[in-house]
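Below is entry.cif, holding mmCIF, C-alpha atoms.
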```cif
data_query
loop_
_atom_site.group_PDB
_atom_site.id
_atom_site.type_symbol
_atom_site.label_atom_id
_atom_site.label_comp_id
_atom_site.auth_asym_id
_atom_site.auth_seq_id
_atom_site.Cartn_x
_atom_site.Cartn_y
_atom_site.Cartn_z
ATOM 1 C CA MET A 1 -21.566 -3.220 -15.980
ATOM 2 C CA SER A 2 -17.855 -2.691 -15.313
ATOM 3 C CA VAL A 3 -16.079 -5.348 -13.233
ATOM 4 C CA TYR A 4 -12.597 -4.892 -11.822
ATOM 5 C CA GLN A 5 -10.313 -7.237 -9.914
ATOM 6 C CA ILE A 6 -8.600 -5.409 -7.058
ATOM 7 C CA ALA A 7 -6.624 -7.319 -4.415
ATOM 8 C CA GLY A 8 -8.102 -10.492 -5.863
ATOM 9 C CA PHE A 9 -11.701 -9.357 -5.308
ATOM 10 C CA ASN A 10 -14.138 -8.980 -8.220
ATOM 11 C CA ILE A 11 -15.771 -5.579 -7.830
ATOM 12 C CA CYS A 12 -18.616 -4.150 -9.898
ATOM 13 C CA LEU A 13 -18.764 -0.358 -10.304
ATOM 14 C CA GLU A 14 -22.020 1.232 -11.430
ATOM 15 C CA ASP A 15 -23.063 4.861 -11.904
ATOM 16 C CA VAL A 16 -19.462 6.004 -11.645
ATOM 17 C CA PRO A 17 -17.946 8.840 -13.742
ATOM 18 C CA ALA A 18 -15.917 7.793 -16.764
ATOM 19 C CA SER A 19 -12.847 9.559 -15.362
ATOM 20 C CA ILE A 20 -12.835 7.180 -12.390
ATOM 21 C CA LEU A 21 -13.296 4.143 -14.606
ATOM 22 C CA ARG A 22 -10.283 5.254 -16.646
ATOM 23 C CA ARG A 23 -8.148 5.322 -13.498
ATOM 24 C CA CYS A 24 -9.185 1.725 -12.844
ATOM 25 C CA GLU A 25 -8.814 0.500 -16.431
ATOM 26 C CA ALA A 26 -5.715 -1.631 -15.756
ATOM 27 C CA TYR A 27 -7.771 -3.620 -13.244
ATOM 28 C CA ARG A 28 -10.782 -4.230 -15.479
ATOM 29 C CA ILE A 29 -11.656 -7.841 -16.265
ATOM 30 C CA GLY A 30 -14.036 -9.422 -18.727
ATOM 31 C CA ASP A 31 -17.573 -10.506 -18.069
ATOM 32 C CA VAL A 32 -17.909 -12.714 -15.024
ATOM 33 C CA PRO A 33 -20.941 -14.531 -13.596
ATOM 34 C CA LYS A 34 -22.922 -12.473 -11.122
ATOM 35 C CA ASP A 35 -22.215 -14.966 -8.363
ATOM 36 C CA ALA A 36 -18.469 -14.382 -8.890
ATOM 37 C CA ILE A 37 -18.749 -10.668 -8.066
ATOM 38 C CA ALA A 38 -17.641 -10.045 -4.506
ATOM 39 C CA LEU A 39 -18.780 -6.458 -4.125
ATOM 40 C CA HIS A 40 -21.225 -4.172 -5.942
ATOM 41 C CA ILE A 41 -20.660 -0.430 -5.583
ATOM 42 C CA ASN A 42 -23.192 2.076 -6.892
ATOM 43 C CA GLY A 43 -21.767 5.582 -7.037
ATOM 44 C CA LYS A 44 -25.168 7.202 -6.588
ATOM 45 C CA GLU A 45 -25.663 5.419 -3.269
ATOM 46 C CA LEU A 46 -22.422 6.582 -1.658
ATOM 47 C CA CYS A 47 -22.345 9.444 0.824
ATOM 48 C CA ILE A 48 -19.873 12.061 -0.430
ATOM 49 C CA THR A 49 -18.694 14.725 2.025
ATOM 50 C CA GLN A 50 -15.609 16.875 2.443
ATOM 51 C CA PRO A 51 -13.165 15.497 5.071
ATOM 52 C CA ASP A 52 -13.611 17.073 8.511
ATOM 53 C CA ASN A 53 -10.137 18.604 8.411
ATOM 54 C CA ALA A 54 -10.368 19.937 4.860
ATOM 55 C CA ALA A 55 -11.574 23.414 5.804
ATOM 56 C CA SER A 56 -8.954 23.876 8.516
ATOM 57 C CA ASN A 57 -6.235 22.860 6.046
ATOM 58 C CA GLY A 58 -7.574 25.181 3.379
ATOM 59 C CA GLU A 59 -8.288 22.227 1.091
ATOM 60 C CA THR A 60 -11.259 21.369 -1.050
ATOM 61 C CA PHE A 61 -11.775 18.225 -3.072
ATOM 62 C CA SER A 62 -13.786 17.782 -6.233
ATOM 63 C CA ARG A 63 -16.809 15.527 -6.034
ATOM 64 C CA THR A 64 -15.126 13.089 -8.414
ATOM 65 C CA ASN A 65 -12.024 12.783 -6.222
ATOM 66 C CA LEU A 66 -14.183 12.390 -3.121
ATOM 67 C CA LEU A 67 -16.159 9.659 -4.866
ATOM 68 C CA PHE A 68 -12.925 7.946 -5.912
ATOM 69 C CA LEU A 69 -11.779 7.878 -2.276
ATOM 70 C CA GLU A 70 -15.171 6.714 -1.050
ATOM 71 C CA ILE A 71 -15.088 3.791 -3.476
ATOM 72 C CA TYR A 72 -11.717 2.822 -2.015
ATOM 73 C CA ARG A 73 -13.173 3.061 1.485
ATOM 74 C CA GLU A 74 -15.972 0.685 0.491
ATOM 75 C CA ILE A 75 -13.451 -1.769 -0.960
ATOM 76 C CA CYS A 76 -11.266 -1.619 2.154
ATOM 77 C CA THR A 77 -14.256 -2.180 4.438
ATOM 78 C CA TYR A 78 -15.127 -5.276 2.444
ATOM 79 C CA ALA A 79 -11.504 -6.415 2.364
ATOM 80 C CA LEU A 80 -11.202 -6.131 6.132
ATOM 81 C CA ALA A 81 -13.737 -8.918 6.532
ATOM 82 C CA HIS A 82 -11.712 -11.082 4.146
ATOM 83 C CA ASP A 83 -8.203 -11.013 5.635
ATOM 84 C CA ALA A 84 -7.086 -7.907 3.755
ATOM 85 C CA PHE A 85 -6.448 -4.311 4.760
ATOM 86 C CA LEU A 86 -5.051 -1.049 3.471
ATOM 87 C CA MET A 87 -1.699 0.344 4.473
ATOM 88 C CA HIS A 88 -0.263 3.776 3.733
ATOM 89 C CA CYS A 89 3.092 2.835 2.247
ATOM 90 C CA ALA A 90 4.937 2.311 -1.010
ATOM 91 C CA VAL A 91 5.600 -1.240 -2.186
ATOM 92 C CA ILE A 92 8.232 -2.272 -4.698
ATOM 93 C CA GLU A 93 9.062 -5.660 -6.186
ATOM 94 C CA TYR A 94 12.619 -6.747 -6.873
ATOM 95 C CA GLU A 95 13.749 -10.270 -7.711
ATOM 96 C CA GLY A 96 10.276 -11.586 -6.956
ATOM 97 C CA ARG A 97 10.215 -10.167 -3.418
ATOM 98 C CA GLY A 98 8.129 -7.282 -2.142
ATOM 99 C CA TYR A 99 9.394 -4.522 0.151
ATOM 100 C CA ALA A 100 7.152 -1.927 1.781
ATOM 101 C CA PHE A 101 8.375 1.518 2.828
ATOM 102 C CA SER A 102 6.388 3.601 5.266
ATOM 103 C CA ALA A 103 7.135 7.155 6.379
ATOM 104 C CA PRO A 104 5.389 10.403 7.293
ATOM 105 C CA SER A 105 4.593 12.665 4.369
ATOM 106 C CA GLY A 106 7.641 14.628 3.228
ATOM 107 C CA THR A 107 10.205 12.198 4.630
ATOM 108 C CA GLY A 108 11.372 11.029 1.221
ATOM 109 C CA LYS A 109 9.594 7.698 0.738
ATOM 110 C CA THR A 110 8.996 8.321 -2.958
ATOM 111 C CA THR A 111 12.566 9.477 -3.484
ATOM 112 C CA HIS A 112 13.837 6.316 -1.787
ATOM 113 C CA ILE A 113 11.925 3.962 -4.074
ATOM 114 C CA ARG A 114 13.255 5.925 -7.043
ATOM 115 C CA LEU A 115 16.751 5.241 -5.739
ATOM 116 C CA TRP A 116 16.038 1.513 -5.873
ATOM 117 C CA ARG A 117 15.166 1.868 -9.558
ATOM 118 C CA GLN A 118 18.292 3.920 -10.139
ATOM 119 C CA VAL A 119 20.594 1.464 -8.349
ATOM 120 C CA PHE A 120 19.077 -1.867 -9.380
ATOM 121 C CA GLY A 121 17.549 -0.914 -12.729
ATOM 122 C CA LYS A 122 14.216 0.511 -13.828
ATOM 123 C CA ASP A 123 13.473 -2.672 -15.728
ATOM 124 C CA LYS A 124 14.120 -4.805 -12.635
ATOM 125 C CA VAL A 125 12.356 -2.832 -9.887
ATOM 126 C CA THR A 126 8.574 -2.528 -10.141
ATOM 127 C CA VAL A 127 6.649 0.004 -8.074
ATOM 128 C CA VAL A 128 3.596 -2.073 -7.188
ATOM 129 C CA ASN A 129 1.923 0.881 -5.499
ATOM 130 C CA GLY A 130 3.170 4.280 -4.395
ATOM 131 C CA ASP A 131 0.763 5.073 -1.576
ATOM 132 C CA LYS A 132 -2.208 2.811 -0.807
ATOM 133 C CA PRO A 133 -1.654 -0.872 -1.553
ATOM 134 C CA ILE A 134 -3.881 -3.531 -0.071
ATOM 135 C CA LEU A 135 -2.167 -6.225 1.987
ATOM 136 C CA ARG A 136 -3.819 -9.631 2.059
ATOM 137 C CA LEU A 137 -3.155 -12.737 4.121
ATOM 138 C CA GLU A 138 -3.152 -15.767 1.849
ATOM 139 C CA ASP A 139 -1.748 -19.266 2.233
ATOM 140 C CA GLY A 140 0.164 -18.342 5.377
ATOM 141 C CA ALA A 141 1.899 -15.342 3.804
ATOM 142 C CA VAL A 142 1.244 -11.631 3.292
ATOM 143 C CA TYR A 143 0.827 -10.365 -0.263
ATOM 144 C CA ALA A 144 0.847 -6.744 -1.366
ATOM 145 C CA TYR A 145 -1.513 -5.808 -4.191
ATOM 146 C CA GLY A 146 -1.408 -2.808 -6.461
ATOM 147 C CA THR A 147 -4.493 -0.584 -6.496
ATOM 148 C CA PRO A 148 -5.556 2.454 -8.542
ATOM 149 C CA TRP A 149 -5.260 4.511 -5.338
ATOM 150 C CA CYS A 150 -1.590 5.235 -5.571
ATOM 151 C CA GLY A 151 -0.638 8.845 -4.781
ATOM 152 C CA LYS A 152 0.034 11.821 -7.006
ATOM 153 C CA GLU A 153 2.890 10.113 -8.865
ATOM 154 C CA GLY A 154 0.523 7.446 -10.153
ATOM 155 C CA TYR A 155 2.793 4.486 -9.396
ATOM 156 C CA ASN A 156 0.706 1.300 -9.533
ATOM 157 C CA VAL A 157 0.688 -2.056 -11.286
ATOM 158 C CA ASN A 158 -2.089 -4.622 -11.311
ATOM 159 C CA THR A 159 -0.111 -7.378 -9.654
ATOM 160 C CA ARG A 160 0.612 -8.973 -6.304
ATOM 161 C CA VAL A 161 3.922 -9.710 -4.633
ATOM 162 C CA PRO A 162 4.858 -11.609 -1.453
ATOM 163 C CA LEU A 163 5.806 -9.065 1.193
ATOM 164 C CA CYS A 164 9.243 -9.922 2.556
ATOM 165 C CA GLY A 165 10.120 -6.766 4.500
ATOM 166 C CA LEU A 166 8.435 -3.724 6.016
ATOM 167 C CA CYS A 167 10.751 -0.768 6.384
ATOM 168 C CA PHE A 168 9.969 2.392 8.349
ATOM 169 C CA VAL A 169 11.950 5.276 6.915
ATOM 170 C CA GLU A 170 13.351 8.341 8.626
ATOM 171 C CA ARG A 171 15.808 10.993 7.484
ATOM 172 C CA GLY A 172 19.442 10.690 8.557
ATOM 173 C CA LYS A 173 22.870 11.998 7.617
ATOM 174 C CA THR A 174 24.184 8.471 7.083
ATOM 175 C CA ASN A 175 22.565 5.264 5.885
ATOM 176 C CA GLU A 176 21.818 2.693 8.568
ATOM 177 C CA ILE A 177 19.261 -0.057 8.945
ATOM 178 C CA ARG A 178 18.404 -2.362 11.795
ATOM 179 C CA PRO A 179 15.667 -4.878 12.660
ATOM 180 C CA MET A 180 12.823 -3.605 14.818
ATOM 181 C CA SER A 181 11.168 -5.462 17.660
ATOM 182 C CA THR A 182 7.412 -5.945 17.596
ATOM 183 C CA GLU A 183 7.080 -3.468 20.454
ATOM 184 C CA GLU A 184 8.915 -0.816 18.442
ATOM 185 C CA ALA A 185 7.021 -1.471 15.242
ATOM 186 C CA VAL A 186 3.478 -1.486 16.658
ATOM 187 C CA PRO A 187 2.943 2.285 17.110
ATOM 188 C CA ARG A 188 4.461 3.072 13.713
ATOM 189 C CA LEU A 189 2.415 0.378 12.004
ATOM 190 C CA PHE A 190 -0.907 1.243 13.607
ATOM 191 C CA GLY A 191 -0.511 4.839 12.521
ATOM 192 C CA GLN A 192 -0.395 3.664 8.894
ATOM 193 C CA ILE A 193 -3.177 1.068 8.822
ATOM 194 C CA MET A 194 -5.818 2.216 11.290
ATOM 195 C CA VAL A 195 -8.949 3.808 9.862
ATOM 196 C CA ASP A 196 -10.437 5.765 12.749
ATOM 197 C CA ASP A 197 -14.054 5.451 11.648
ATOM 198 C CA SER A 198 -13.782 1.820 10.614
ATOM 199 C CA PRO A 199 -16.655 -0.319 11.910
ATOM 200 C CA ASP A 200 -14.165 -2.971 13.021
ATOM 201 C CA LEU A 201 -11.031 -1.569 14.631
ATOM 202 C CA ALA A 202 -10.538 -4.842 16.483
ATOM 203 C CA ARG A 203 -10.223 -6.697 13.189
ATOM 204 C CA GLN A 204 -7.646 -4.186 11.980
ATOM 205 C CA MET A 205 -5.594 -4.886 15.107
ATOM 206 C CA GLU A 206 -5.842 -8.652 14.583
ATOM 207 C CA LEU A 207 -4.580 -8.367 11.023
ATOM 208 C CA ALA A 208 -1.797 -6.016 12.118
ATOM 209 C CA ASP A 209 -0.652 -8.616 14.651
ATOM 210 C CA GLN A 210 -0.543 -11.254 11.924
ATOM 211 C CA LEU A 211 1.415 -8.929 9.656
ATOM 212 C CA LEU A 212 4.026 -8.428 12.366
ATOM 213 C CA GLU A 213 4.263 -12.184 12.906
ATOM 214 C CA LYS A 214 4.872 -12.933 9.239
ATOM 215 C CA VAL A 215 6.860 -9.955 7.915
ATOM 216 C CA PRO A 216 10.097 -8.686 9.505
ATOM 217 C CA CYS A 217 10.221 -4.963 10.254
ATOM 218 C CA TYR A 218 13.190 -2.620 9.949
ATOM 219 C CA LEU A 219 14.073 0.958 10.761
ATOM 220 C CA LEU A 220 15.979 2.715 8.002
ATOM 221 C CA SER A 221 17.749 5.997 8.659
ATOM 222 C CA CYS A 222 18.856 7.337 5.317
ATOM 223 C CA ASN A 223 19.872 10.269 3.198
ATOM 224 C CA MET A 224 18.901 10.683 -0.417
ATOM 225 C CA GLU A 225 22.094 9.201 -1.851
ATOM 226 C CA PRO A 226 21.977 6.024 -3.997
ATOM 227 C CA GLU A 227 23.825 4.112 -1.260
ATOM 228 C CA ALA A 228 20.591 4.239 0.783
ATOM 229 C CA ALA A 229 18.931 1.769 -1.577
ATOM 230 C CA ARG A 230 21.813 -0.692 -1.302
ATOM 231 C CA VAL A 231 21.877 -0.430 2.495
ATOM 232 C CA ALA A 232 18.140 -1.063 2.649
ATOM 233 C CA TYR A 233 18.373 -4.070 0.348
ATOM 234 C CA ASP A 234 21.327 -5.577 2.198
ATOM 235 C CA GLY A 235 19.688 -5.045 5.570
ATOM 236 C CA MET A 236 16.407 -6.679 4.608
ATOM 237 C CA ASN A 237 18.217 -9.620 3.046
ATOM 238 C CA HIS A 238 20.546 -10.187 5.996
ATOM 239 C CA ALA A 239 23.676 -9.204 4.137
ATOM 240 C CA GLU A 240 26.415 -7.134 5.661
ATOM 241 C CA ILE A 241 24.903 -3.723 6.418
ATOM 242 C CA ARG A 242 26.948 -0.736 5.459
ATOM 243 C CA GLY A 243 27.148 1.961 8.059
ATOM 244 C CA GLY A 244 24.797 0.210 10.499
ATOM 245 C CA ALA A 245 24.376 -2.580 13.001
ATOM 246 C CA ASP A 246 24.374 -6.229 12.024
ATOM 247 C CA ALA A 247 21.046 -7.740 10.946
#
```

Please render this file's structure as structure tokens.
Amino acid sequence: MSVYQIAGFNICLEDVPASILRRCEAYRIGDVPKDAIALHINGKELCITQPDNAASNGETFSRTNLLFLEIYREICTYALAHDAFLMHCAVIEYEGRGYAFSAPSGTGKTTHIRLWRQVFGKDKVTVVNGDKPILRLEDGAVYAYGTPWCGKEGYNVNTRVPLCGLCFVERGKTNEIRPMSTEEAVPRLFGQIMVDDSPDLARQMELADQLLEKVPCYLLSCNMEPEAARVAYDGMNHAEIRGGADA
């Protein structure tokens, strides 16, 4: 029996290929009592199908990769009932504070978090997760957790960090950042957390509302120059913002 702790939940994986277990190795924990296991997942019991849009996009996925994603879906369904939810974003930690960056594919989200490491130091900026962290409401705050589901770059660390800013990123010729109102942030946020076939969309909306209450949101227009990282940091920490409006 292999037990892993993901987003603070003890999860048992059975009848799962060794290649998947290797991806999760950093999250493996020692033997725990059966009553301390939150979720049992048996790979043979999961329904594995190609995504509906795979054929139209000319894509095919191996059974192992489909199973890996289905395991994540099972975890996220469980998490949703326990004040936690997935979000498509990248999360970094710097000086003990977590910052999430969300953007459509190809916008430069991954490049931007690399700029933070370039500007502030690779040994000081940790990429908690590069694509699919789990956000969890705990003790009146929102924490971002690393998961093995982390995008093609493989950025993930088995840790949690308090989320102190959520930044929506778009391309621009200059670097500017400004706070977003809840009304502005809602459509961008829902597009990154909503799972269309989730059995509980209402719960997803409730948790999204709580996220917006507890974590300030920003809109960052940036180029791919190192200054973009400094502007983003200053803006989310209420310092003077270069090239943009006041925080």

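Rounded to one decimal, CA of Thr126 (chain A) and CA of Asp83 (chain A) lie 24.5 Å from each other.
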
List the residues selected by the PyMOL selection byres ((chain A and resi 219) around 12) in the file shown, writing them as an MDAnalysis selection string.
chainID A and resid 100:103 165:172 175:182 184:185 188:189 216:218 220:222 231:232 235:236 244:245 247

Computed interatomic separation between CA of Pro148 (chain A) and CA of Tyr4 (chain A) (Å)
10.7 Å

Of the candidates A:Cys164, A:Gly121, A:Arg230, A:Lys173, which shows the shortest atom-to-atom distance to Val215 (chain A), using all atoms listed in the file?
A:Cys164

For CA of Val157 (chain A) and CA of Asn129 (chain A), quote the distance in Å rounded to one decimal.
6.6 Å

I'd like to see the residues matched by the PyMOL selection byres ((chain A and resi 69) around 12) on this file, and ideally I'd get them as a list in words.
Ile20, Gly43, Leu46, Cys47, Ile48, Thr49, Gln50, Pro51, Phe61, Ser62, Arg63, Thr64, Asn65, Leu66, Leu67, Phe68, Glu70, Ile71, Tyr72, Arg73, Glu74, Ile75, Cys76, Lys132, Thr147, Pro148, Trp149, Cys150 and Gly151 of chain A

One residue among A:Gln210, A:Asn10, A:Thr107, A:Asn158 is nearest to Glu25 (chain A) when using all atoms listed in the file, and that residue is A:Asn158

Evaluate the PyMOL selection byres ((chain A and resi 134-138) around 6) against this structure - the residues, as a list in words, please.
Asp83, Ala84, Phe85, Leu86, Pro133, Asp139, Gly140, Ala141, Val142, Tyr143, Ala144 and Tyr145 of chain A

Write the residues you've just listed into a file as a short mmCIF file (atom, residue, chain, number, x, y, z; two decimals), in the frame of the given file, and include C-alpha atoms for each of them.
```
data_model
loop_
_atom_site.label_atom_id
_atom_site.label_comp_id
_atom_site.auth_asym_id
_atom_site.auth_seq_id
_atom_site.Cartn_x
_atom_site.Cartn_y
_atom_site.Cartn_z
CA ASP A 83 -8.20 -11.01 5.64
CA ALA A 84 -7.09 -7.91 3.76
CA PHE A 85 -6.45 -4.31 4.76
CA LEU A 86 -5.05 -1.05 3.47
CA PRO A 133 -1.65 -0.87 -1.55
CA ASP A 139 -1.75 -19.27 2.23
CA GLY A 140 0.16 -18.34 5.38
CA ALA A 141 1.90 -15.34 3.80
CA VAL A 142 1.24 -11.63 3.29
CA TYR A 143 0.83 -10.36 -0.26
CA ALA A 144 0.85 -6.74 -1.37
CA TYR A 145 -1.51 -5.81 -4.19
#
```

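Using only C-alpha atoms, the smallest distance between any of A:Pro162, A:Val186, A:Val16, A:Ala208 and Glu95 (chain A) comes from A:Pro162.
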
For Phe190 (chain A), which residue among A:Glu206, A:Asp234, A:Glu213, A:Asp123 is the nearest when counting all atoms listed in the file?
A:Glu206

Residues within 10 Å of Gly191 (chain A), please, as number ranges by chain. Count all atoms listed in the file; anything in the same chain fewer than 5 positions from it doesn't count.
A: 87-88, 104, 186, 196

Hey, which of A:Met205, A:Arg97, A:Gly30, A:Pro226 ends up closest to Arg117 (chain A)? Count all atoms listed in the file.
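Going through A:Met205, A:Arg97, A:Gly30, A:Pro226 one by one, the smallest distance to Arg117 (chain A) is for A:Pro226.
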
Using only C-alpha atoms, the residue out of A:Leu39, A:Cys12, A:Ala229, A:Met224 with shortest distance to Val125 (chain A) is A:Ala229

Leaving out Asp31 (chain A) and any residue of its chain fewer than 6 positions from it, which residues lie within 9 Å of it when counting all atoms listed in the file, given as a ChimeraX atom specification?
/A:1-3

Can you tell me, as AutoDock Vina command-line options, the centre and edge lengths (Å, one decimal) of the axis-aligned box enclosing all of region 162-165 of chain A's listed atoms after padding each side by 4 Å?
```
--center_x 7.5 --center_y -9.2 --center_z 1.5 --size_x 13.3 --size_y 12.8 --size_z 14.0
```
